[in-house]
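Listing of structure_17.cif, mmCIF, C-alpha atoms and all ligand atoms
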```cif
data_model
loop_
_atom_site.label_atom_id
_atom_site.label_comp_id
_atom_site.auth_asym_id
_atom_site.auth_seq_id
_atom_site.Cartn_x
_atom_site.Cartn_y
_atom_site.Cartn_z
CA MET A 1342 36.90 11.61 14.39
CA THR A 1343 34.50 13.33 16.74
CA THR A 1344 32.38 14.36 13.75
CA THR A 1345 32.27 10.80 12.43
CA SER A 1346 31.21 9.30 15.73
CA THR A 1347 28.68 12.08 16.27
CA SER A 1348 27.11 11.52 12.87
CA ALA A 1349 27.18 7.76 13.42
CA THR A 1350 25.40 8.31 16.72
CA THR A 1351 22.87 10.59 15.02
CA THR A 1352 22.21 8.02 12.28
CA ALA A 1353 21.80 5.24 14.84
CA ALA A 1354 19.47 7.42 16.89
CA ALA A 1355 17.38 8.26 13.80
CA ALA A 1356 17.18 4.57 12.88
CA ALA A 1357 16.09 3.65 16.41
CA ALA A 1358 13.49 6.42 16.41
CA SER A 1359 11.80 4.95 13.34
CA LEU A 1360 12.06 1.27 14.19
CA ILE A 1361 8.70 -0.49 14.06
CA GLU A 1362 8.40 -3.29 16.60
CA LEU A 1363 5.57 -5.74 17.06
CA ARG A 1364 5.62 -8.09 20.02
CA ASN A 1365 2.92 -10.75 20.01
CA ALA A 1366 0.60 -8.23 18.40
CA THR A 1367 -2.95 -9.55 18.21
CA ARG A 1368 -6.13 -7.91 17.06
CA TRP A 1369 -9.61 -9.33 16.94
CA TYR A 1370 -12.93 -7.96 15.76
CA GLY A 1371 -15.63 -9.73 17.78
CA ASN A 1372 -14.99 -13.40 17.06
CA VAL A 1373 -12.67 -12.79 14.11
CA VAL A 1374 -8.97 -12.95 14.89
CA ALA A 1375 -7.54 -10.68 12.18
CA VAL A 1376 -3.93 -10.60 13.48
CA ASN A 1377 -2.72 -13.44 15.62
CA ASP A 1378 0.39 -13.18 17.80
CA ILE A 1379 2.70 -11.48 15.30
CA SER A 1380 6.19 -10.31 16.25
CA MET A 1381 8.44 -8.47 13.82
CA THR A 1382 10.95 -5.62 13.64
CA LEU A 1383 11.13 -3.31 10.65
CA GLY A 1384 13.92 -0.86 9.93
CA PRO A 1385 14.91 1.57 7.15
CA GLY A 1386 14.42 0.49 3.53
CA VAL A 1387 11.48 -1.02 1.69
CA THR A 1388 9.64 -3.97 3.22
CA GLY A 1389 6.80 -5.81 1.51
CA LEU A 1390 3.87 -7.05 3.57
CA LEU A 1391 2.65 -9.94 1.47
CA GLY A 1392 -0.47 -12.01 1.98
CA PRO A 1393 -3.72 -13.11 0.37
CA ASN A 1394 -6.95 -11.13 0.78
CA GLY A 1395 -8.16 -11.08 4.35
CA ALA A 1396 -4.77 -12.12 5.76
CA GLY A 1397 -4.65 -9.20 8.18
CA LYS A 1398 -2.40 -6.77 6.29
CA SER A 1399 -4.65 -3.71 6.65
CA THR A 1400 -5.21 -4.48 10.31
CA LEU A 1401 -1.44 -4.60 10.86
CA LEU A 1402 -0.93 -1.29 9.04
CA HIS A 1403 -3.75 0.35 11.01
CA MET A 1404 -2.24 -0.80 14.30
CA MET A 1405 1.14 0.59 13.25
CA SER A 1406 -0.34 3.92 12.23
CA GLY A 1407 -2.28 4.34 15.48
CA PHE A 1408 -5.79 3.91 14.06
CA LEU A 1409 -6.38 0.62 15.84
CA GLU A 1410 -5.39 -0.56 19.27
CA PRO A 1411 -3.88 -4.04 19.57
CA SER A 1412 -6.21 -6.36 21.50
CA ARG A 1413 -3.15 -8.02 22.97
CA GLY A 1414 0.64 -7.62 22.64
CA THR A 1415 2.44 -4.41 21.70
CA VAL A 1416 3.08 -2.30 18.62
CA THR A 1417 5.68 0.47 18.93
CA ILE A 1418 7.40 2.95 16.65
CA GLY A 1419 10.67 4.31 18.01
CA GLY A 1420 9.72 2.72 21.34
CA ALA A 1421 6.35 4.49 21.67
CA ALA A 1422 2.89 2.99 21.13
CA PRO A 1423 1.16 4.73 18.19
CA TRP A 1424 -2.42 4.25 19.48
CA ARG A 1425 -3.82 7.75 20.01
CA ASN A 1426 -0.29 9.09 20.30
CA VAL A 1427 0.15 12.46 18.58
CA GLU A 1428 3.94 12.30 18.85
CA VAL A 1429 4.03 9.08 16.84
CA PHE A 1430 1.40 10.43 14.43
CA ARG A 1431 3.93 13.14 13.51
CA THR A 1432 6.51 10.56 12.45
CA VAL A 1433 4.19 8.27 10.47
CA GLY A 1434 2.42 8.63 7.12
CA LEU A 1435 -0.36 6.25 6.07
CA VAL A 1436 -1.57 5.80 2.51
CA PRO A 1437 -4.91 3.99 2.89
CA GLU A 1438 -6.17 1.47 0.38
CA ARG A 1439 -9.37 3.33 -0.44
CA ASP A 1440 -9.68 6.80 -1.90
CA SER A 1441 -10.80 8.64 1.19
CA VAL A 1442 -10.41 11.98 -0.52
CA TYR A 1443 -12.86 14.71 -1.53
CA ALA A 1444 -12.40 14.34 -5.27
CA PHE A 1445 -13.51 17.92 -6.00
CA LEU A 1446 -10.39 19.22 -4.24
CA THR A 1447 -7.25 19.81 -6.25
CA ALA A 1448 -4.17 17.86 -5.18
CA ARG A 1449 -2.63 21.12 -3.96
CA GLU A 1450 -5.67 21.82 -1.74
CA PHE A 1451 -5.76 18.24 -0.49
CA VAL A 1452 -2.06 18.08 0.38
CA THR A 1453 -2.15 21.56 1.96
CA ALA A 1454 -5.11 20.44 4.10
CA SER A 1455 -3.03 17.49 5.27
CA ALA A 1456 -0.17 19.89 6.13
CA LYS A 1457 -2.57 22.05 8.16
CA LEU A 1458 -3.86 18.98 9.98
CA HIS A 1459 -0.28 18.36 11.06
CA LYS A 1460 -0.07 22.00 12.18
CA LEU A 1461 3.03 22.56 10.05
CA PRO A 1462 4.43 26.11 10.29
CA ASN A 1463 4.33 26.63 6.53
CA PRO A 1464 1.66 24.34 5.05
CA ARG A 1465 1.98 25.71 1.50
CA ALA A 1466 5.73 25.17 1.31
CA ALA A 1467 5.38 21.69 2.81
CA ALA A 1468 2.67 20.83 0.26
CA GLU A 1469 4.87 22.05 -2.63
CA ARG A 1470 7.77 19.93 -1.41
CA ALA A 1471 5.56 16.83 -1.14
CA LEU A 1472 3.94 17.42 -4.55
CA ASP A 1473 7.41 17.77 -6.07
CA MET A 1474 8.51 14.52 -4.48
CA VAL A 1475 5.70 12.62 -6.20
CA GLU A 1476 6.09 14.65 -9.42
CA LEU A 1477 2.57 16.02 -9.29
CA ALA A 1478 3.40 19.72 -9.06
CA GLU A 1479 2.36 20.49 -12.65
CA ALA A 1480 -1.06 18.85 -12.38
CA ALA A 1481 -1.63 19.98 -8.79
CA ASP A 1482 -4.32 22.56 -9.61
CA ARG A 1483 -6.63 20.07 -11.28
CA PRO A 1484 -9.41 18.46 -9.23
CA ILE A 1485 -8.48 14.97 -8.08
CA GLU A 1486 -11.57 13.56 -9.85
CA THR A 1487 -9.87 14.31 -13.19
CA TYR A 1488 -6.81 12.24 -12.25
CA SER A 1489 -5.83 8.77 -13.39
CA LYS A 1490 -5.60 6.05 -10.73
CA GLY A 1491 -1.82 6.43 -10.60
CA MET A 1492 -2.07 10.19 -10.08
CA ARG A 1493 -4.66 9.75 -7.33
CA GLN A 1494 -2.34 7.34 -5.57
CA ARG A 1495 0.51 9.84 -5.85
CA ALA A 1496 -1.70 12.58 -4.40
CA LYS A 1497 -2.39 10.31 -1.41
CA VAL A 1498 1.34 9.62 -1.04
CA ALA A 1499 2.05 13.36 -1.14
CA ALA A 1500 -0.54 13.95 1.60
CA ALA A 1501 1.08 11.19 3.68
CA LEU A 1502 4.58 12.63 3.11
CA VAL A 1503 3.73 16.27 3.76
CA HIS A 1504 5.07 16.26 7.32
CA ASP A 1505 8.26 14.45 6.23
CA PRO A 1506 7.56 11.29 8.24
CA ARG A 1507 10.31 8.78 8.95
CA VAL A 1508 7.84 5.93 8.47
CA LEU A 1509 5.56 5.52 5.45
CA LEU A 1510 2.90 2.80 5.48
CA LEU A 1511 1.04 2.04 2.25
CA ASP A 1512 -1.95 -0.26 1.86
CA GLU A 1513 -2.00 -1.90 -1.59
CA PRO A 1514 -0.49 1.16 -3.30
CA PHE A 1515 -0.33 -0.49 -6.74
CA ASN A 1516 -3.97 -1.59 -6.97
CA GLY A 1517 -5.54 -0.56 -10.24
CA MET A 1518 -2.39 1.01 -11.67
CA ASP A 1519 -1.16 0.37 -15.18
CA PRO A 1520 2.44 -0.86 -15.67
CA ARG A 1521 3.84 2.63 -16.25
CA GLN A 1522 2.20 4.02 -13.13
CA ARG A 1523 3.44 1.03 -11.18
CA LEU A 1524 7.03 1.66 -12.26
CA HIS A 1525 6.73 5.28 -11.29
CA MET A 1526 5.43 4.41 -7.82
CA MET A 1527 8.13 1.76 -7.39
CA ASP A 1528 10.85 4.29 -8.21
CA LEU A 1529 9.36 6.71 -5.73
CA LEU A 1530 9.18 4.18 -2.91
CA SER A 1531 12.61 2.72 -3.54
CA GLY A 1532 14.10 6.25 -3.53
CA LEU A 1533 12.44 6.93 -0.16
CA GLY A 1534 13.78 3.63 1.16
CA GLN A 1535 17.28 4.45 0.00
CA ALA A 1536 17.00 7.82 1.71
CA GLY A 1537 16.66 5.92 5.00
CA ARG A 1538 12.93 5.99 5.51
CA VAL A 1539 11.05 2.97 6.79
CA ILE A 1540 8.71 2.02 3.96
CA LEU A 1541 6.18 -0.77 4.44
CA PHE A 1542 3.71 -1.58 1.69
CA SER A 1543 1.10 -4.32 1.56
CA SER A 1544 0.40 -6.38 -1.50
CA HIS A 1545 -1.15 -9.69 -2.50
CA ILE A 1546 0.95 -9.80 -5.68
CA LEU A 1547 4.22 -11.65 -5.48
CA GLU A 1548 5.84 -9.92 -8.44
CA GLU A 1549 5.33 -6.45 -7.00
CA VAL A 1550 7.05 -7.44 -3.81
CA GLU A 1551 9.81 -9.19 -5.73
CA ARG A 1552 10.67 -6.08 -7.69
CA LEU A 1553 10.60 -3.60 -4.89
CA ALA A 1554 11.17 -5.03 -1.45
CA ASP A 1555 14.49 -5.73 0.24
CA THR A 1556 12.75 -7.80 2.86
CA VAL A 1557 9.37 -9.44 3.06
CA GLN A 1558 6.91 -10.28 5.79
CA VAL A 1559 4.40 -12.90 4.69
CA VAL A 1560 1.11 -13.07 6.58
CA VAL A 1561 -1.47 -15.79 6.15
CA ALA A 1562 -4.71 -16.02 8.11
CA GLY A 1563 -3.50 -13.50 10.66
CA ARG A 1564 -0.19 -15.22 11.33
CA LEU A 1565 3.36 -14.50 10.22
CA ALA A 1566 4.18 -17.31 7.78
CA ALA A 1567 7.66 -16.28 6.69
CA SER A 1568 9.91 -13.29 6.97
CA GLY A 1569 13.28 -12.10 5.76
CA ASP A 1570 15.10 -11.99 2.47
CA TYR A 1571 12.77 -12.19 -0.53
CA ARG A 1572 14.88 -14.66 -2.53
CA SER A 1573 14.96 -17.34 0.14
CA ILE A 1574 11.21 -17.06 0.61
CA ARG A 1575 10.68 -17.21 -3.12
CA ARG A 1576 12.81 -20.38 -3.28
CA LEU A 1577 10.70 -21.90 -0.56
CA MET A 1578 7.61 -21.10 -2.59
CA THR A 1579 8.86 -22.39 -5.93
CA ASN A 1580 10.39 -25.56 -4.48
CA ARG A 1581 7.08 -26.77 -3.15
CA PRO A 1582 5.29 -29.66 -4.90
CA HIS A 1583 3.09 -28.46 -7.74
CA VAL A 1584 -0.16 -30.08 -8.76
CA PHE A 1585 -1.28 -30.15 -12.39
CA LEU A 1586 -4.33 -31.56 -14.07
CA VAL A 1587 -3.40 -32.83 -17.54
CA ARG A 1588 -6.10 -33.65 -20.08
CA THR A 1589 -4.98 -35.79 -22.99
CA THR A 1590 -6.14 -38.10 -25.79
CA ASP A 1591 -5.12 -41.09 -23.63
CA ASP A 1592 -4.89 -40.32 -19.91
CA ARG A 1593 -3.96 -43.86 -18.89
CA ALA A 1594 -1.02 -44.01 -21.33
CA LEU A 1595 0.30 -40.64 -20.18
CA ALA A 1596 -0.01 -41.65 -16.52
CA ARG A 1597 2.07 -44.78 -17.24
CA ALA A 1598 4.68 -42.76 -19.11
CA LEU A 1599 4.97 -40.14 -16.39
CA ILE A 1600 5.66 -42.61 -13.59
CA GLY A 1601 9.41 -42.65 -13.15
CA THR A 1602 9.90 -39.25 -14.77
CA GLN A 1603 12.38 -37.33 -12.68
CA ALA A 1604 10.25 -34.28 -11.89
CA VAL A 1605 7.13 -36.33 -11.09
CA GLN A 1606 6.40 -37.40 -7.53
CA GLY A 1607 3.01 -38.96 -8.03
CA VAL A 1608 0.33 -39.57 -10.63
CA SER A 1609 -3.35 -40.41 -10.28
CA LEU A 1610 -6.15 -40.90 -12.77
CA THR A 1611 -9.20 -38.77 -12.13
CA PRO A 1612 -12.41 -38.33 -14.16
CA GLY A 1613 -11.12 -34.89 -15.19
CA GLY A 1614 -7.68 -36.06 -16.38
CA VAL A 1615 -4.29 -37.09 -14.98
CA GLU A 1616 -3.43 -35.44 -11.70
CA VAL A 1617 0.31 -34.98 -11.44
CA HIS A 1618 2.29 -34.01 -8.37
CA ALA A 1619 5.53 -32.50 -9.66
CA SER A 1620 8.53 -31.65 -7.53
CA ASP A 1621 9.59 -28.78 -9.71
CA HIS A 1622 7.38 -26.54 -11.81
CA GLY A 1623 9.92 -25.73 -14.52
CA SER A 1624 11.37 -29.16 -15.20
CA PHE A 1625 7.94 -30.85 -15.20
CA THR A 1626 6.49 -28.47 -17.78
CA ARG A 1627 9.63 -28.86 -19.90
CA GLN A 1628 9.56 -32.69 -19.70
CA LEU A 1629 5.82 -33.10 -20.24
CA ALA A 1630 5.81 -32.34 -23.98
CA ALA A 1631 8.62 -34.83 -24.72
CA VAL A 1632 7.13 -37.58 -22.52
CA SER A 1633 3.69 -37.30 -24.11
CA ARG A 1634 5.15 -37.20 -27.62
CA ASP A 1635 7.23 -40.33 -26.96
CA ALA A 1636 4.13 -42.06 -25.57
CA GLY A 1637 2.10 -41.06 -28.63
CA VAL A 1638 -0.36 -39.12 -26.48
CA GLY A 1639 -1.83 -35.80 -27.53
CA LEU A 1640 -1.98 -33.07 -24.89
CA ARG A 1641 -5.30 -31.23 -24.69
CA GLU A 1642 -4.88 -29.06 -21.65
CA VAL A 1643 -2.43 -28.57 -18.77
CA ILE A 1644 -4.03 -26.86 -15.81
CA PRO A 1645 -1.90 -25.85 -12.82
CA ALA A 1646 -4.24 -26.90 -10.02
CA ASP A 1647 -2.60 -25.12 -7.14
CA GLU A 1648 -1.15 -21.95 -8.56
CA SER A 1649 -3.29 -19.56 -6.58
CA LEU A 1650 -1.43 -17.39 -4.18
CA GLU A 1651 -3.56 -18.81 -1.39
CA SER A 1652 -2.20 -22.28 -2.06
CA VAL A 1653 1.37 -20.96 -2.08
CA PHE A 1654 0.72 -19.32 1.26
CA ALA A 1655 -1.04 -22.41 2.60
CA TYR A 1656 2.08 -24.39 1.72
CA LEU A 1657 4.26 -21.88 3.56
CA VAL A 1658 2.28 -22.28 6.77
CA GLY A 1659 2.10 -26.04 6.32
CA ALA A 1660 -1.70 -26.05 6.08
N1 LIG B 1701 -13.97 -3.87 11.08
C1 LIG B 1701 -13.97 -5.20 10.97
N2 LIG B 1701 -14.92 -5.95 11.57
C2 LIG B 1701 -14.92 -7.29 11.48
N3 LIG B 1701 -14.00 -8.02 10.82
C3 LIG B 1701 -13.02 -7.34 10.19
C4 LIG B 1701 -12.95 -5.89 10.23
N4 LIG B 1701 -11.87 -5.50 9.51
C5 LIG B 1701 -11.29 -6.63 9.05
N5 LIG B 1701 -11.97 -7.72 9.46
C6 LIG B 1701 -11.62 -9.13 9.18
O1 LIG B 1701 -10.30 -9.32 9.64
C7 LIG B 1701 -9.57 -10.15 8.75
C8 LIG B 1701 -8.33 -9.40 8.28
O2 LIG B 1701 -8.73 -8.29 7.49
P1 LIG B 1701 -7.71 -7.24 6.84
O3 LIG B 1701 -8.50 -6.22 6.13
O4 LIG B 1701 -6.75 -6.80 7.87
O5 LIG B 1701 -6.93 -8.17 5.80
P2 LIG B 1701 -6.09 -7.77 4.51
O6 LIG B 1701 -4.97 -8.74 4.43
O7 LIG B 1701 -5.77 -6.34 4.54
O8 LIG B 1701 -7.10 -8.09 3.36
P3 LIG B 1701 -7.45 -7.26 2.03
O9 LIG B 1701 -6.25 -7.40 1.16
O10 LIG B 1701 -8.64 -7.98 1.50
O11 LIG B 1701 -7.73 -5.84 2.46
C9 LIG B 1701 -10.52 -10.52 7.64
O12 LIG B 1701 -11.10 -11.77 7.98
C10 LIG B 1701 -11.57 -9.44 7.70
O13 LIG B 1701 -12.81 -9.91 7.24
#
```
Would it be possible to restate this file's structure as structure tokens?
Ligand SMILES: Nc1ncnc2c1ncn2[C@@H]1O[C@H](COP(=O)(O)OP(=O)(O)OP(=O)(O)O)[C@@H](O)[C@H]1O
Amino acid sequence: MTTTSTSATTTAAAAAASLIELRNATRWYGNVVAVNDISMTLGPGVTGLLGPNGAGKSTLLHMMSGFLEPSRGTVTIGGAAPWRNVEVFRTVGLVPERDSVYAFLTAREFVTASAKLHKLPNPRAAAERALDMVELAEAADRPIETYSKGMRQRAKVAAALVHDPRVLLLDEPFNGMDPRQRLHMMDLLSGLGQAGRVILFSSHILEEVERLADTVQVVVAGRLAASGDYRSIRRLMTNRPHVFLVRTTDDRALARALIGTQAVQGVSLTPGGVEVHASDHGSFTRQLAAVSRDAGVGLREVIPADESLESVFAYLVGA
């Protein structure tokens, strides 16, 4: 009984020590407000930080890892502010978006250098452990410049994990990877999440987040647009009205036929074709073929006009 409550206390204490908390965190660069009044709490497991380019994801990660000071509000990890705080630095690993690595080094040299930077008592052993974790031990004596993109990413993850941090922050870790490399990285991150680490990775690709993250934080134009369970956010995104431009052999006839179709909210004739506002992506695309056939209209092209991630995000923030 005592043992159980002691271990429960230990687990709770470990979770509290790695909790990331943002309270009204704001960061500007000159006139540019990169992060605007964001509050969130992140705990153990894998969280996706989703947003279009320029949304403020890197700025958020850099504030969490202590490389940037918030202009206003607070960012804490385990209750302490990371900005220029060596104690917090010891509990956090950052995998930056760019390859900020001397490519002539081998992965073993690079990861060992990271271990030395952290003043670990046994840098070589720590480097071996980290290289094993990312399954790079066999190739670790080759210069990083001979690596594939996926291997280079894994070398960066090993360097970030070398001091066994409770928190791992990754900026676009899947960029440029092929599907096999992606799967490998996903397995690695989900294993770390299951082991109780706080994993936060940024991405502008919905599918990556869908496959990996338990929870999602969506940022748009520096603001938090949605947060929580992925599925409910996804539903919100897919239930929004969809706009299509349909080019046909007889636009006017198709427009007439579409009015009153269940999945269609509005139709307008434009010089480029029929602009359709559909309530549901799936049922509209399924109904369109039958409706046009019945109307004797040939379909030339169906262009989803608002499928960019930016438009999905804009919908989420009600812009
Ligand atoms: N050092 C800087 N000086 C001035 N503006 C900056 C600086 N760094 C970022 N910004 C601006 O802050 C905003 C947020 O940038 P940030 O890099 O955090 O976004 P992001 O979501 O990570 O985008 P990306 O996916 O393109 O890296 C952008 O408008 C960007 O141009």
**Message:** Give me, as a PyMOL selection string, the set of residues whose atoms come within 10 Å of any atom of ligand LIG 1701 (chain B), counting all atoms listed in the file.
**Reply:** chain A and resi 1368-1376+1390-1404+1438-1439+1512-1513+1543-1545+1560-1563
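Relative to CA of Thr1602 (chain A), CA of Leu1629 (chain A) is found at 9.2 Å.
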Set the distance at 9 Å and use only C-alpha atoms: which residues neighbour region 1521-1529 of chain A once local chain neighbours fewer than 3 positions away are removed? I'd like the list as a CSV table (one decimal) with C-alpha atoms, keeping the file's coordinate frame.
```csv
chain,number,residue,atom,x,y,z
A,1474,MET,CA,8.5,14.5,-4.5
A,1475,VAL,CA,5.7,12.6,-6.2
A,1490,LYS,CA,-5.6,6.0,-10.7
A,1491,GLY,CA,-1.8,6.4,-10.6
A,1492,MET,CA,-2.1,10.2,-10.1
A,1494,GLN,CA,-2.3,7.3,-5.6
A,1495,ARG,CA,0.5,9.8,-5.8
A,1514,PRO,CA,-0.5,1.2,-3.3
A,1515,PHE,CA,-0.3,-0.5,-6.7
A,1516,ASN,CA,-4.0,-1.6,-7.0
A,1518,MET,CA,-2.4,1.0,-11.7
A,1532,GLY,CA,14.1,6.2,-3.5
A,1533,LEU,CA,12.4,6.9,-0.2
A,1534,GLY,CA,13.8,3.6,1.2
A,1549,GLU,CA,5.3,-6.4,-7.0
A,1552,ARG,CA,10.7,-6.1,-7.7
A,1553,LEU,CA,10.6,-3.6,-4.9
```
Show me, as a tab-separated table, the residues of region 1429-1511 of chain A having an atom within 12 Å of region 1386-1389 of chain A, each with the closest atom pair and its distance in Å, using all atoms listed in the file.
```
residue	atom	partner	partner_atom	distance
A:Arg1507	CA	A:Gly1386	CA	10.7
A:Val1508	CA	A:Gly1386	CA	9.9
A:Leu1509	CA	A:Val1387	CA	9.6
A:Leu1510	CA	A:Thr1388	CA	9.8
A:Leu1511	CA	A:Gly1389	CA	9.8
```
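When the distance limit is 12 Å and all atoms listed in the file are what count, the residues near Phe1585 (chain A), minus those fewer than 5 positions from it on the same chain, are Val1605, Gln1606, Gly1607, Val1608, Ser1609, Leu1610, Thr1611, Gly1613, Gly1614, Val1615, Glu1616, Val1617, His1618, Ala1619, Ser1620, Asp1621, His1622, Phe1625, Thr1626, Leu1629, Glu1642, Val1643, Ile1644, Pro1645, Ala1646, Asp1647 and Glu1648 of chain A.
A straight line drawn from CA of Gly1407 (chain A) to CA of Ile1361 (chain A) is 12.1 Å long.
Taking CA of Leu1360 (chain A) and CA of Leu1383 (chain A) as endpoints, the distance between them is 5.9 Å.
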**Item:** For Gly1434 (chain A): contacts at 9 Å, only C-alpha atoms, fewer than 2 positions along chain excluded, given as a PyMOL selection string
**Value:** chain A and resi 1406+1430-1432+1436+1498+1500-1511
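Considering all atoms listed in the file, the residue among A:Thr1415, A:Ser1455, A:Thr1590, A:Thr1382 positioned nearest to Val1442 (chain A) is A:Ser1455.
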Leaving out Ala1454 (chain A) and any residue of its chain fewer than 4 positions from it, which residues lie within 9 Å of it when counting only C-alpha atoms, given as a tab-separated table (two decimals) with C-alpha atoms, in the frame of the given file?
```tsv
chain	number	residue	atom	x	y	z
A	1449	ARG	CA	-2.63	21.12	-3.96
A	1450	GLU	CA	-5.67	21.82	-1.74
A	1458	LEU	CA	-3.86	18.98	9.98
A	1459	HIS	CA	-0.28	18.36	11.06
A	1464	PRO	CA	1.66	24.34	5.05
A	1468	ALA	CA	2.67	20.83	0.26
A	1500	ALA	CA	-0.54	13.95	1.60
```
**Message:** From the options A:His1583, A:Arg1538, A:Arg1641, A:Arg1564, which residue's atoms come nearest to Leu1595 (chain A), counting all atoms listed in the file?
**Reply:** A:Arg1641
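Using all atoms listed in the file, the shortest contact distance between Ser1531 (chain A) and any of A:Ala1567, A:Leu1477, A:Ala1636, A:Ala1554 is found at A:Ala1554.
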Please reconstruct the missing atoms of region 1376-1388 of chain A (target: N, CA and C atoms) and return them as a short mmCIF file (atom, residue, chain, number, x, y, z; two decimals), in the coordinates of the input.
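Output below, filename selection07.cif:
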```
data_model
loop_
_atom_site.label_atom_id
_atom_site.label_comp_id
_atom_site.auth_asym_id
_atom_site.auth_seq_id
_atom_site.Cartn_x
_atom_site.Cartn_y
_atom_site.Cartn_z
N VAL A 1376 -5.40 -10.51 13.33
CA VAL A 1376 -3.93 -10.60 13.48
C VAL A 1376 -3.67 -11.42 14.73
N ASN A 1377 -2.85 -12.46 14.55
CA ASN A 1377 -2.72 -13.44 15.62
C ASN A 1377 -1.26 -13.60 16.06
N ASP A 1378 -0.89 -12.93 17.14
CA ASP A 1378 0.39 -13.18 17.80
C ASP A 1378 1.58 -12.94 16.87
N ILE A 1379 1.62 -11.77 16.25
CA ILE A 1379 2.70 -11.48 15.30
C ILE A 1379 3.79 -10.63 15.96
N SER A 1380 5.04 -11.08 15.79
CA SER A 1380 6.19 -10.31 16.25
C SER A 1380 7.09 -10.03 15.05
N MET A 1381 7.50 -8.81 14.91
CA MET A 1381 8.44 -8.47 13.82
C MET A 1381 9.09 -7.13 14.12
N THR A 1382 10.26 -6.91 13.52
CA THR A 1382 10.95 -5.62 13.64
C THR A 1382 11.24 -5.12 12.25
N LEU A 1383 10.90 -3.87 11.98
CA LEU A 1383 11.13 -3.31 10.65
C LEU A 1383 11.99 -2.06 10.76
N GLY A 1384 13.03 -2.01 9.92
CA GLY A 1384 13.92 -0.86 9.93
C GLY A 1384 13.90 -0.13 8.60
N PRO A 1385 14.86 0.78 8.39
CA PRO A 1385 14.91 1.57 7.15
C PRO A 1385 14.99 0.70 5.90
N GLY A 1386 14.46 1.23 4.79
CA GLY A 1386 14.42 0.49 3.53
C GLY A 1386 12.99 0.09 3.23
N VAL A 1387 12.84 -0.65 2.13
CA VAL A 1387 11.48 -1.02 1.69
C VAL A 1387 11.17 -2.46 2.10
N THR A 1388 10.09 -2.63 2.83
CA THR A 1388 9.64 -3.97 3.22
C THR A 1388 8.27 -4.23 2.60
#
```
